[in-house]
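Chemist: Handing over upload-v2.pdb, PDB, C-alpha atoms and all ligand atoms.
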```pdb
ATOM      1  CA  MET A   1     162.844 169.966  60.697  1.00  0.00           C
ATOM      2  CA  PRO A   2     159.437 169.703  59.039  1.00  0.00           C
ATOM      3  CA  LEU A   3     156.185 169.146  60.857  1.00  0.00           C
ATOM      4  CA  ILE A   4     154.866 165.571  61.116  1.00  0.00           C
ATOM      5  CA  LEU A   5     151.226 165.114  62.125  1.00  0.00           C
ATOM      6  CA  MET A   6     150.106 162.052  64.092  1.00  0.00           C
ATOM      7  CA  TYR A   7     146.627 160.620  63.605  1.00  0.00           C
ATOM      8  CA  HIS A   8     145.003 157.313  64.517  1.00  0.00           C
ATOM      9  CA  ALA A   9     141.386 156.714  63.386  1.00  0.00           C
ATOM     10  CA  VAL A  10     139.179 158.943  61.204  1.00  0.00           C
ATOM     11  CA  ASP A  11     135.510 158.186  61.839  1.00  0.00           C
ATOM     12  CA  ARG A  12     132.297 159.323  63.532  1.00  0.00           C
ATOM     13  CA  VAL A  13     132.365 157.756  66.992  1.00  0.00           C
ATOM     14  CA  SER A  14     130.352 158.426  70.145  1.00  0.00           C
ATOM     15  CA  HIS A  15     132.885 157.112  72.673  1.00  0.00           C
ATOM     16  CA  ASP A  16     136.576 157.953  72.400  1.00  0.00           C
ATOM     17  CA  PRO A  17     138.154 158.193  75.895  1.00  0.00           C
ATOM     18  CA  ASN A  18     141.719 158.210  74.521  1.00  0.00           C
ATOM     19  CA  MET A  19     140.901 160.925  71.943  1.00  0.00           C
ATOM     20  CA  LEU A  20     142.338 158.875  69.092  1.00  0.00           C
ATOM     21  CA  CYS A  21     139.640 159.556  66.539  1.00  0.00           C
ATOM     22  CA  VAL A  22     139.056 162.584  64.312  1.00  0.00           C
ATOM     23  CA  SER A  23     135.750 162.996  62.472  1.00  0.00           C
ATOM     24  CA  PRO A  24     135.910 162.931  58.661  1.00  0.00           C
ATOM     25  CA  GLU A  25     134.662 166.548  58.607  1.00  0.00           C
ATOM     26  CA  ARG A  26     137.371 167.747  61.002  1.00  0.00           C
ATOM     27  CA  PHE A  27     140.017 165.811  59.117  1.00  0.00           C
ATOM     28  CA  ALA A  28     138.909 167.427  55.835  1.00  0.00           C
ATOM     29  CA  ALA A  29     139.105 170.878  57.486  1.00  0.00           C
ATOM     30  CA  GLN A  30     142.632 170.138  58.772  1.00  0.00           C
ATOM     31  CA  MET A  31     143.788 169.068  55.298  1.00  0.00           C
ATOM     32  CA  SER A  32     142.252 172.266  53.871  1.00  0.00           C
ATOM     33  CA  TRP A  33     144.178 174.198  56.519  1.00  0.00           C
ATOM     34  CA  LEU A  34     147.424 172.679  55.177  1.00  0.00           C
ATOM     35  CA  ARG A  35     146.408 173.619  51.660  1.00  0.00           C
ATOM     36  CA  ARG A  36     145.564 177.225  52.656  1.00  0.00           C
ATOM     37  CA  HIS A  37     149.029 177.550  54.211  1.00  0.00           C
ATOM     38  CA  LYS A  38     150.613 176.277  50.994  1.00  0.00           C
ATOM     39  CA  LEU A  39     151.746 173.097  52.726  1.00  0.00           C
ATOM     40  CA  ARG A  40     151.689 169.687  51.068  1.00  0.00           C
ATOM     41  CA  GLY A  41     150.952 166.559  53.076  1.00  0.00           C
ATOM     42  CA  VAL A  42     153.295 163.667  52.252  1.00  0.00           C
ATOM     43  CA  ALA A  43     154.304 160.241  53.513  1.00  0.00           C
ATOM     44  CA  VAL A  44     157.237 160.350  55.942  1.00  0.00           C
ATOM     45  CA  GLY A  45     159.391 158.315  53.515  1.00  0.00           C
ATOM     46  CA  THR A  46     158.923 161.076  50.947  1.00  0.00           C
ATOM     47  CA  LEU A  47     159.654 163.684  53.601  1.00  0.00           C
ATOM     48  CA  VAL A  48     162.863 161.944  54.708  1.00  0.00           C
ATOM     49  CA  THR A  49     164.113 161.740  51.101  1.00  0.00           C
ATOM     50  CA  ALA A  50     163.333 165.451  50.660  1.00  0.00           C
ATOM     51  CA  MET A  51     165.060 166.351  53.947  1.00  0.00           C
ATOM     52  CA  ARG A  52     168.236 164.603  52.826  1.00  0.00           C
ATOM     53  CA  ALA A  53     168.141 166.542  49.546  1.00  0.00           C
ATOM     54  CA  GLY A  54     167.411 169.836  51.361  1.00  0.00           C
ATOM     55  CA  ARG A  55     164.019 170.096  49.636  1.00  0.00           C
ATOM     56  CA  ALA A  56     161.595 169.590  52.523  1.00  0.00           C
ATOM     57  CA  ARG A  57     160.351 173.175  52.660  1.00  0.00           C
ATOM     58  CA  GLY A  58     156.553 173.315  52.438  1.00  0.00           C
ATOM     59  CA  LEU A  59     156.152 169.595  53.148  1.00  0.00           C
ATOM     60  CA  VAL A  60     154.307 168.191  56.157  1.00  0.00           C
ATOM     61  CA  GLY A  61     154.413 164.507  57.093  1.00  0.00           C
ATOM     62  CA  ILE A  62     151.037 162.858  57.702  1.00  0.00           C
ATOM     63  CA  THR A  63     150.908 159.632  59.718  1.00  0.00           C
ATOM     64  CA  PHE A  64     148.255 157.219  60.964  1.00  0.00           C
ATOM     65  CA  ASP A  65     149.219 154.806  63.750  1.00  0.00           C
ATOM     66  CA  ASP A  66     147.693 151.325  64.254  1.00  0.00           C
ATOM     67  CA  GLY A  67     146.221 150.967  60.740  1.00  0.00           C
ATOM     68  CA  TYR A  68     142.506 151.499  61.396  1.00  0.00           C
ATOM     69  CA  ALA A  69     140.122 150.462  58.624  1.00  0.00           C
ATOM     70  CA  SER A  70     138.549 153.933  58.884  1.00  0.00           C
ATOM     71  CA  VAL A  71     141.713 155.441  57.378  1.00  0.00           C
ATOM     72  CA  LEU A  72     140.938 153.744  54.063  1.00  0.00           C
ATOM     73  CA  GLU A  73     137.275 154.709  54.179  1.00  0.00           C
ATOM     74  CA  HIS A  74     137.443 158.292  55.449  1.00  0.00           C
ATOM     75  CA  ALA A  75     140.991 159.674  55.254  1.00  0.00           C
ATOM     76  CA  ALA A  76     142.329 158.328  51.950  1.00  0.00           C
ATOM     77  CA  PRO A  77     139.651 160.003  49.755  1.00  0.00           C
ATOM     78  CA  VAL A  78     140.370 163.402  51.365  1.00  0.00           C
ATOM     79  CA  LEU A  79     144.138 162.960  50.973  1.00  0.00           C
ATOM     80  CA  LEU A  80     143.773 161.958  47.328  1.00  0.00           C
ATOM     81  CA  ARG A  81     141.485 164.934  46.617  1.00  0.00           C
ATOM     82  CA  HIS A  82     144.292 167.248  47.764  1.00  0.00           C
ATOM     83  CA  GLY A  83     147.030 165.274  45.997  1.00  0.00           C
ATOM     84  CA  PHE A  84     148.479 164.367  49.420  1.00  0.00           C
ATOM     85  CA  THR A  85     149.974 161.071  50.595  1.00  0.00           C
ATOM     86  CA  ALA A  86     150.529 159.705  54.110  1.00  0.00           C
ATOM     87  CA  THR A  87     152.218 156.898  56.012  1.00  0.00           C
ATOM     88  CA  VAL A  88     150.042 154.252  57.655  1.00  0.00           C
ATOM     89  CA  PHE A  89     151.848 152.319  60.418  1.00  0.00           C
ATOM     90  CA  VAL A  90     150.397 148.796  60.517  1.00  0.00           C
ATOM     91  CA  ILE A  91     150.724 146.165  63.286  1.00  0.00           C
ATOM     92  CA  SER A  92     151.751 143.051  61.368  1.00  0.00           C
ATOM     93  CA  ASP A  93     150.197 140.366  63.632  1.00  0.00           C
ATOM     94  CA  LYS A  94     146.917 142.237  64.007  1.00  0.00           C
ATOM     95  CA  ALA A  95     145.804 142.857  60.410  1.00  0.00           C
ATOM     96  CA  GLY A  96     142.048 142.320  60.206  1.00  0.00           C
ATOM     97  CA  GLY A  97     141.774 142.388  64.032  1.00  0.00           C
ATOM     98  CA  ASN A  98     141.103 145.268  66.385  1.00  0.00           C
ATOM     99  CA  ASN A  99     142.816 147.532  68.924  1.00  0.00           C
ATOM    100  CA  ASP A 100     142.534 145.069  71.827  1.00  0.00           C
ATOM    101  CA  TRP A 101     145.540 146.671  73.604  1.00  0.00           C
ATOM    102  CA  ASP A 102     143.454 149.784  74.385  1.00  0.00           C
ATOM    103  CA  ASP A 103     140.995 150.261  77.226  1.00  0.00           C
ATOM    104  CA  GLY A 104     138.715 152.296  74.958  1.00  0.00           C
ATOM    105  CA  THR A 105     136.266 151.244  72.251  1.00  0.00           C
ATOM    106  CA  LEU A 106     137.321 148.482  69.850  1.00  0.00           C
ATOM    107  CA  TRP A 107     137.721 149.595  66.240  1.00  0.00           C
ATOM    108  CA  PRO A 108     138.511 147.351  63.247  1.00  0.00           C
ATOM    109  CA  LEU A 109     142.008 147.331  61.812  1.00  0.00           C
ATOM    110  CA  LEU A 110     142.788 147.122  58.092  1.00  0.00           C
ATOM    111  CA  THR A 111     142.855 143.657  56.541  1.00  0.00           C
ATOM    112  CA  TRP A 112     145.845 142.813  54.327  1.00  0.00           C
ATOM    113  CA  SER A 113     143.732 143.385  51.258  1.00  0.00           C
ATOM    114  CA  GLN A 114     142.790 146.864  52.551  1.00  0.00           C
ATOM    115  CA  VAL A 115     146.465 147.564  53.325  1.00  0.00           C
ATOM    116  CA  GLY A 116     147.092 146.688  49.669  1.00  0.00           C
ATOM    117  CA  GLU A 117     144.381 149.131  48.567  1.00  0.00           C
ATOM    118  CA  LEU A 118     146.025 151.955  50.509  1.00  0.00           C
ATOM    119  CA  ALA A 119     149.433 151.125  49.045  1.00  0.00           C
ATOM    120  CA  ALA A 120     147.941 151.031  45.547  1.00  0.00           C
ATOM    121  CA  ALA A 121     146.470 154.498  46.211  1.00  0.00           C
ATOM    122  CA  GLY A 122     150.004 155.789  46.852  1.00  0.00           C
ATOM    123  CA  MET A 123     150.129 155.622  50.644  1.00  0.00           C
ATOM    124  CA  GLU A 124     153.307 154.453  52.350  1.00  0.00           C
ATOM    125  CA  ILE A 125     152.966 151.404  54.612  1.00  0.00           C
ATOM    126  CA  GLY A 126     155.231 151.406  57.656  1.00  0.00           C
ATOM    127  CA  SER A 127     155.517 149.106  60.654  1.00  0.00           C
ATOM    128  CA  HIS A 128     154.005 149.708  64.086  1.00  0.00           C
ATOM    129  CA  SER A 129     155.557 146.475  65.479  1.00  0.00           C
ATOM    130  CA  ALA A 130     154.160 142.931  65.411  1.00  0.00           C
ATOM    131  CA  THR A 131     151.862 143.041  68.468  1.00  0.00           C
ATOM    132  CA  HIS A 132     151.789 146.685  69.700  1.00  0.00           C
ATOM    133  CA  MET A 133     153.878 146.087  72.811  1.00  0.00           C
ATOM    134  CA  ARG A 134     155.981 148.642  74.688  1.00  0.00           C
ATOM    135  CA  LEU A 135     159.535 148.327  73.378  1.00  0.00           C
ATOM    136  CA  ALA A 136     161.413 150.157  76.147  1.00  0.00           C
ATOM    137  CA  GLY A 137     163.050 147.479  78.297  1.00  0.00           C
ATOM    138  CA  ALA A 138     162.260 144.613  75.895  1.00  0.00           C
ATOM    139  CA  ASP A 139     164.995 141.974  75.491  1.00  0.00           C
ATOM    140  CA  HIS A 140     166.981 141.428  72.320  1.00  0.00           C
ATOM    141  CA  GLY A 141     164.917 138.511  70.985  1.00  0.00           C
ATOM    142  CA  ARG A 142     161.644 140.285  71.575  1.00  0.00           C
ATOM    143  CA  LEU A 143     162.919 143.456  69.898  1.00  0.00           C
ATOM    144  CA  ALA A 144     164.078 141.457  66.867  1.00  0.00           C
ATOM    145  CA  ALA A 145     160.624 139.835  66.544  1.00  0.00           C
ATOM    146  CA  GLU A 146     158.655 143.058  67.020  1.00  0.00           C
ATOM    147  CA  VAL A 147     160.851 145.318  64.930  1.00  0.00           C
ATOM    148  CA  GLY A 148     162.591 143.074  62.366  1.00  0.00           C
ATOM    149  CA  GLY A 149     159.884 140.388  62.228  1.00  0.00           C
ATOM    150  CA  SER A 150     157.133 142.916  61.514  1.00  0.00           C
ATOM    151  CA  ARG A 151     159.231 144.443  58.726  1.00  0.00           C
ATOM    152  CA  ASP A 152     159.621 141.019  57.082  1.00  0.00           C
ATOM    153  CA  SER A 153     155.870 140.302  57.337  1.00  0.00           C
ATOM    154  CA  LEU A 154     154.934 143.681  55.868  1.00  0.00           C
ATOM    155  CA  HIS A 155     157.422 143.253  53.069  1.00  0.00           C
ATOM    156  CA  LYS A 156     155.952 139.834  52.229  1.00  0.00           C
ATOM    157  CA  GLN A 157     152.410 141.166  52.237  1.00  0.00           C
ATOM    158  CA  THR A 158     152.970 144.422  50.362  1.00  0.00           C
ATOM    159  CA  GLU A 159     155.956 143.431  48.197  1.00  0.00           C
ATOM    160  CA  ALA A 160     157.228 146.936  48.865  1.00  0.00           C
ATOM    161  CA  GLU A 161     160.213 148.276  50.743  1.00  0.00           C
ATOM    162  CA  VAL A 162     159.289 149.042  54.359  1.00  0.00           C
ATOM    163  CA  ARG A 163     161.245 152.183  55.215  1.00  0.00           C
ATOM    164  CA  GLY A 164     159.614 153.419  58.397  1.00  0.00           C
ATOM    165  CA  PHE A 165     158.694 152.331  61.914  1.00  0.00           C
ATOM    166  CA  ALA A 166     156.552 153.974  64.601  1.00  0.00           C
ATOM    167  CA  TYR A 167     157.111 153.019  68.271  1.00  0.00           C
ATOM    168  CA  PRO A 168     153.916 151.670  69.910  1.00  0.00           C
ATOM    169  CA  PHE A 169     152.871 154.056  72.736  1.00  0.00           C
ATOM    170  CA  GLY A 170     155.955 156.085  71.749  1.00  0.00           C
ATOM    171  CA  SER A 171     157.840 153.696  74.039  1.00  0.00           C
ATOM    172  CA  MET A 172     161.525 153.351  73.131  1.00  0.00           C
ATOM    173  CA  ASP A 173     165.050 153.289  74.483  1.00  0.00           C
ATOM    174  CA  ALA A 174     168.543 153.037  72.958  1.00  0.00           C
ATOM    175  CA  ALA A 175     168.160 149.249  72.408  1.00  0.00           C
ATOM    176  CA  ALA A 176     164.852 149.761  70.574  1.00  0.00           C
ATOM    177  CA  ARG A 177     166.392 152.410  68.320  1.00  0.00           C
ATOM    178  CA  GLN A 178     169.309 150.065  67.628  1.00  0.00           C
ATOM    179  CA  ALA A 179     166.862 147.264  66.735  1.00  0.00           C
ATOM    180  CA  VAL A 180     165.174 149.638  64.264  1.00  0.00           C
ATOM    181  CA  ARG A 181     168.545 150.419  62.711  1.00  0.00           C
ATOM    182  CA  ASP A 182     169.586 146.735  62.626  1.00  0.00           C
ATOM    183  CA  ALA A 183     166.308 145.744  60.938  1.00  0.00           C
ATOM    184  CA  GLY A 184     167.124 148.079  58.058  1.00  0.00           C
ATOM    185  CA  TYR A 185     164.581 150.860  58.553  1.00  0.00           C
ATOM    186  CA  GLU A 186     165.530 154.341  57.350  1.00  0.00           C
ATOM    187  CA  TYR A 187     163.530 156.243  59.926  1.00  0.00           C
ATOM    188  CA  ALA A 188     161.301 155.867  62.970  1.00  0.00           C
ATOM    189  CA  CYS A 189     158.599 158.109  64.397  1.00  0.00           C
ATOM    190  CA  ALA A 190     158.305 158.937  68.081  1.00  0.00           C
ATOM    191  CA  VAL A 191     155.194 160.299  69.791  1.00  0.00           C
ATOM    192  CA  GLU A 192     155.349 164.052  70.393  1.00  0.00           C
ATOM    193  CA  ALA A 193     158.794 165.546  71.020  1.00  0.00           C
ATOM    194  CA  PRO A 194     161.517 163.093  72.074  1.00  0.00           C
ATOM    195  CA  ARG A 195     164.264 164.113  74.468  1.00  0.00           C
ATOM    196  CA  LEU A 196     166.963 166.164  72.798  1.00  0.00           C
ATOM    197  CA  THR A 197     169.535 163.389  73.156  1.00  0.00           C
ATOM    198  CA  ASP A 198     167.243 160.872  71.418  1.00  0.00           C
ATOM    199  CA  LEU A 199     166.210 163.126  68.541  1.00  0.00           C
ATOM    200  CA  GLY A 200     167.191 162.019  65.038  1.00  0.00           C
ATOM    201  CA  MET A 201     166.066 159.912  62.101  1.00  0.00           C
ATOM    202  CA  LEU A 202     165.297 157.059  64.526  1.00  0.00           C
ATOM    203  CA  ALA A 203     163.206 159.325  66.755  1.00  0.00           C
ATOM    204  CA  LEU A 204     161.406 161.859  64.598  1.00  0.00           C
ATOM    205  CA  PRO A 205     159.116 164.174  66.567  1.00  0.00           C
ATOM    206  CA  ARG A 206     155.394 164.265  65.722  1.00  0.00           C
ATOM    207  CA  ILE A 207     152.509 166.462  66.728  1.00  0.00           C
ATOM    208  CA  TYR A 208     149.248 164.902  67.925  1.00  0.00           C
ATOM    209  CA  VAL A 209     146.217 166.153  66.025  1.00  0.00           C
ATOM    210  CA  GLY A 210     142.737 165.525  67.396  1.00  0.00           C
ATOM    211  CA  GLU A 211     139.066 166.342  67.001  1.00  0.00           C
ATOM    212  CA  ARG A 212     139.456 169.607  68.933  1.00  0.00           C
ATOM    213  CA  ASP A 213     142.098 170.959  66.576  1.00  0.00           C
ATOM    214  CA  THR A 214     140.349 173.739  64.693  1.00  0.00           C
ATOM    215  CA  SER A 215     142.221 175.896  62.183  1.00  0.00           C
ATOM    216  CA  SER A 216     143.307 178.380  64.862  1.00  0.00           C
ATOM    217  CA  ARG A 217     144.609 175.572  67.056  1.00  0.00           C
ATOM    218  CA  MET A 218     146.470 174.100  64.070  1.00  0.00           C
ATOM    219  CA  THR A 219     148.151 177.476  63.574  1.00  0.00           C
ATOM    220  CA  ALA A 220     149.062 177.656  67.275  1.00  0.00           C
ATOM    221  CA  LYS A 221     150.493 174.121  67.225  1.00  0.00           C
ATOM    222  CA  ARG A 222     152.572 174.954  64.166  1.00  0.00           C
ATOM    223  CA  LEU A 223     154.047 177.968  65.980  1.00  0.00           C
ATOM    224  CA  LEU A 224     154.788 175.906  69.093  1.00  0.00           C
ATOM    225  CA  TYR A 225     156.499 173.345  66.912  1.00  0.00           C
ATOM    226  CA  ARG A 226     158.632 176.034  65.280  1.00  0.00           C
ATOM    227  CA  GLY A 227     159.745 177.077  68.776  1.00  0.00           C
ATOM    228  CA  TYR A 228     160.683 173.476  69.611  1.00  0.00           C
ATOM    229  CA  VAL A 229     162.631 173.107  66.354  1.00  0.00           C
ATOM    230  CA  ALA A 230     164.430 176.427  66.870  1.00  0.00           C
ATOM    231  CA  MET A 231     165.458 175.231  70.318  1.00  0.00           C
ATOM    232  CA  GLN A 232     166.796 171.939  68.919  1.00  0.00           C
ATOM    233  CA  GLY A 233     168.382 173.651  65.905  1.00  0.00           C
ATOM    234  CA  ARG A 234     171.718 174.020  67.652  1.00  0.00           C
ATOM    235  CA  ARG A 235     172.045 170.258  67.633  1.00  0.00           C
ATOM    236  CA  ARG A 236     172.063 169.716  63.873  1.00  0.00           C
ATOM    237  CA  ASP A 237     174.739 167.046  64.331  1.00  0.00           C
ATOM    238  CA  SER A 238     172.101 164.723  65.757  1.00  0.00           C
ATOM    239  CA  TRP A 239     170.317 164.544  62.359  1.00  0.00           C
ATOM    240  CA  GLN A 240     172.230 161.603  61.047  1.00  0.00           C
TER     241      GLN A 240
HETATM  242 ZN    ZN B 301     149.642 152.537  68.337  1.00  0.00          ZN
END
```
For this file, produce the structure as C-alpha cells.
Ligand SMILES: [Zn+2]

Modeler:
Amino acid sequence: MPLILMYHAVDRVSHDPNMLCVSPERFAAQMSWLRRHKLRGVAVGTLVTAMRAGRARGLVGITFDDGYASVLEHAAPVLLRHGFTATVFVISDKAGGNNDWDDGTLWPLLTWSQVGELAAAGMEIGSHSATHMRLAGADHGRLAAEVGGSRDSLHKQTEAEVRGFAYPFGSMDAAARQAVRDAGYEYACAVEAPRLTDLGMLALPRIYVGERDTSSRMTAKRLLYRGYVAMQGRRRDSWQ
C-alpha cells in the first residue's frame, strides 16, 4: 500500500489554528524530500491504476482537500518543476467561495476557471462533496446529493471523468462508502488511517503533512506508515 500525503492550503499565513496550511518553502522542501528518496508524487487516480497493475512501487499519492486557490498559485508550480501530479478534491457548491465551515481563518477556494487551469496542468480533480458536510449518519437522499450530485457537477464543469472522492472531515460510515460506490467513483480517500475493517479502495489511508514536517519528520512518518501497512498486510483480501 503506497503512501498518500494529505495537504490543504499552501500559503504564507499568520493565523492557522487548525494547522491546515503549509508554507510554499516547506512544501518545496517536502517535494524535494520525495525526490531525494527516489519517490514520484502522483495523483491518486494514477496511483490506483498503478496499484491494480502491481506497478505502484516508488509512487506516492499527493492530495489537497477543499480546493484552496493557493494550491494553484503555490503548489502547482513546485509539482510541475518535479514532474509530479496531484489530486485536488473540490467542493462542488463552494467553487469561488471560502472555507466557511471552519472556525479558523477564511481562505479563498478555487473558482471553476482556476479548477480548469489545474486540470489543464495535469492535476486530477476529485470531489470533496457538494457542501463539506459530515457524511456519517446522513440519510440516503443527502448522501446522493453530496456524493453523486457533486460528481455530476464536477463532470459538467471539467468535462473529465471524476474518479475519486475524499470524505469531508474524514467522516464516513458504511452507507457513505456505499454512496461513493453507487455514484461510480473508483476510489475514496479517508483522513489518516481508517479502521482495519473499513480499509480498502473506498477508504484509502492518508498521512497528514503540515508546516512542522521537516525532512527528518517526513522520514519518521514514512517509517510509521510502513509499520501500519505491515500490520494491515495480512488483510490483503480487503483491497478490492
Ligand atoms: Zn475538507

Chemist: Using CA of Met6 (chain A) and CA of Gly45 (chain A) as the two end points, give the distance in Å to one decimal.

Modeler: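 CA of Met6 (chain A) sits 14.6 Å away from CA of Gly45 (chain A).
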
Chemist: When you count only C-alpha atoms, which of these residues is closest to Leu135 (chain A): A:Met218, A:Val90, A:Leu202, A:Ala179?

Modeler: A:Ala179

Chemist: A:Thr197, A:Thr49, A:Ser171, A:Ser32: which is nearest ligand ZN 301 (chain B), counting all atoms listed in the file?

Modeler: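 The closest residue to ligand ZN 301 (chain B) is A:Ser171.
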
Chemist: Please list as a PyMOL selection string every residue within 6 Å of Arg206 (chain A), counting all atoms listed in the file and excluding residues in the same chain fewer than 6 positions away.

Modeler: chain A and resi 4-6+191-192

Chemist: At a cut-off of 7 Å around ligand ZN 301 (chain B), and using all atoms listed in the file, what residues come up? Please write them as a PDB file with C-alpha atoms, in the frame of the given file.

Modeler:
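The resulting file, result.pdb, is reproduced below:
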```pdb
ATOM      1  CA  ASP A  65     149.219 154.806  63.750  1.00  0.00           C
ATOM      2  CA  ASP A  66     147.693 151.325  64.254  1.00  0.00           C
ATOM      3  CA  HIS A 128     154.005 149.708  64.086  1.00  0.00           C
ATOM      4  CA  HIS A 132     151.789 146.685  69.700  1.00  0.00           C
ATOM      5  CA  PRO A 168     153.916 151.670  69.910  1.00  0.00           C
ATOM      6  CA  PHE A 169     152.871 154.056  72.736  1.00  0.00           C
TER       7      PHE A 169
END
```

Chemist: For CA of Ala193 (chain A) and CA of Thr131 (chain A), quote the distance in Å rounded to one decimal.

Modeler: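 Taking CA of Ala193 (chain A) and CA of Thr131 (chain A), their separation equals 23.7 Å.
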
Chemist: Counting only C-alpha atoms, which residues sit no farther than 10 Å from the position (163.3, 155.9, 65.8) in the file's frame? I'd like them as a list in words.

Modeler: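 So the residues meeting the distance criterion are Gly164, Phe165, Ala166, Tyr167, Gly170, Met172, Asp173, Ala174, Ala176, Arg177, Gln178, Ala179, Val180, Arg181, Tyr185, Glu186, Tyr187, Ala188, Cys189, Ala190, Pro194, Asp198, Leu199, Gly200, Met201, Leu202, Ala203, Leu204 and Pro205 of chain A.
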
Chemist: Can you pull out every residue within 8 Å of Ala75 (chain A), counting only C-alpha atoms, but drop anything in the same chain fewer than 5 positions away, and send it as a PyMOL selection string?

Modeler: chain A and resi 10+24+27+70

Chemist: To verify the selection step, state as a list in words which residues the PyMOL selection byres (((chain A and resi 211) around 10) and not hetatm) yields on this input.

Modeler: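 On this input, the PyMOL selection byres (((chain A and resi 211) around 10) and not hetatm) captures Val10, Met19, Leu20, Cys21, Val22, Ser23, Pro24, Glu25, Arg26, Phe27, Gln30, Val209, Gly210, Arg212, Asp213 and Thr214 of chain A.
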
Chemist: Limited to C-alpha atoms, could you put the picked residues into a file as a short mmCIF file (atom, residue, chain, number, x, y, z; two decimals), in the coordinates of the input?

Modeler:
```cif
data_model
loop_
_atom_site.label_atom_id
_atom_site.label_comp_id
_atom_site.auth_asym_id
_atom_site.auth_seq_id
_atom_site.Cartn_x
_atom_site.Cartn_y
_atom_site.Cartn_z
CA VAL A 10 139.18 158.94 61.20
CA MET A 19 140.90 160.93 71.94
CA LEU A 20 142.34 158.88 69.09
CA CYS A 21 139.64 159.56 66.54
CA VAL A 22 139.06 162.58 64.31
CA SER A 23 135.75 163.00 62.47
CA PRO A 24 135.91 162.93 58.66
CA GLU A 25 134.66 166.55 58.61
CA ARG A 26 137.37 167.75 61.00
CA PHE A 27 140.02 165.81 59.12
CA GLN A 30 142.63 170.14 58.77
CA VAL A 209 146.22 166.15 66.03
CA GLY A 210 142.74 165.52 67.40
CA ARG A 212 139.46 169.61 68.93
CA ASP A 213 142.10 170.96 66.58
CA THR A 214 140.35 173.74 64.69
#
```

Chemist: Quick check on the file I pasted: which residues fall under the PyMOL selection byres (((chain A and resi 130) around 12) and not hetatm)? Write them as JSON, numbers by chain.

Modeler: {"A": [66, 89, 90, 91, 92, 93, 94, 95, 126, 127, 128, 129, 131, 132, 133, 134, 135, 142, 143, 144, 145, 146, 147, 148, 149, 150, 151, 152, 153, 154, 165, 166, 167, 168]}

Chemist: Please measure the separation of CA of Met51 (chain A) and CA of Leu224 (chain A), giving the value in Å to one decimal.

Modeler: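 Between these atoms lies a distance of 20.6 Å.
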
Chemist: So which one's closest to Gly61 (chain A), A:Val229, A:Leu3, A:Ala220, A:Met31? Using all atoms listed in the file, please.

Modeler: A:Leu3
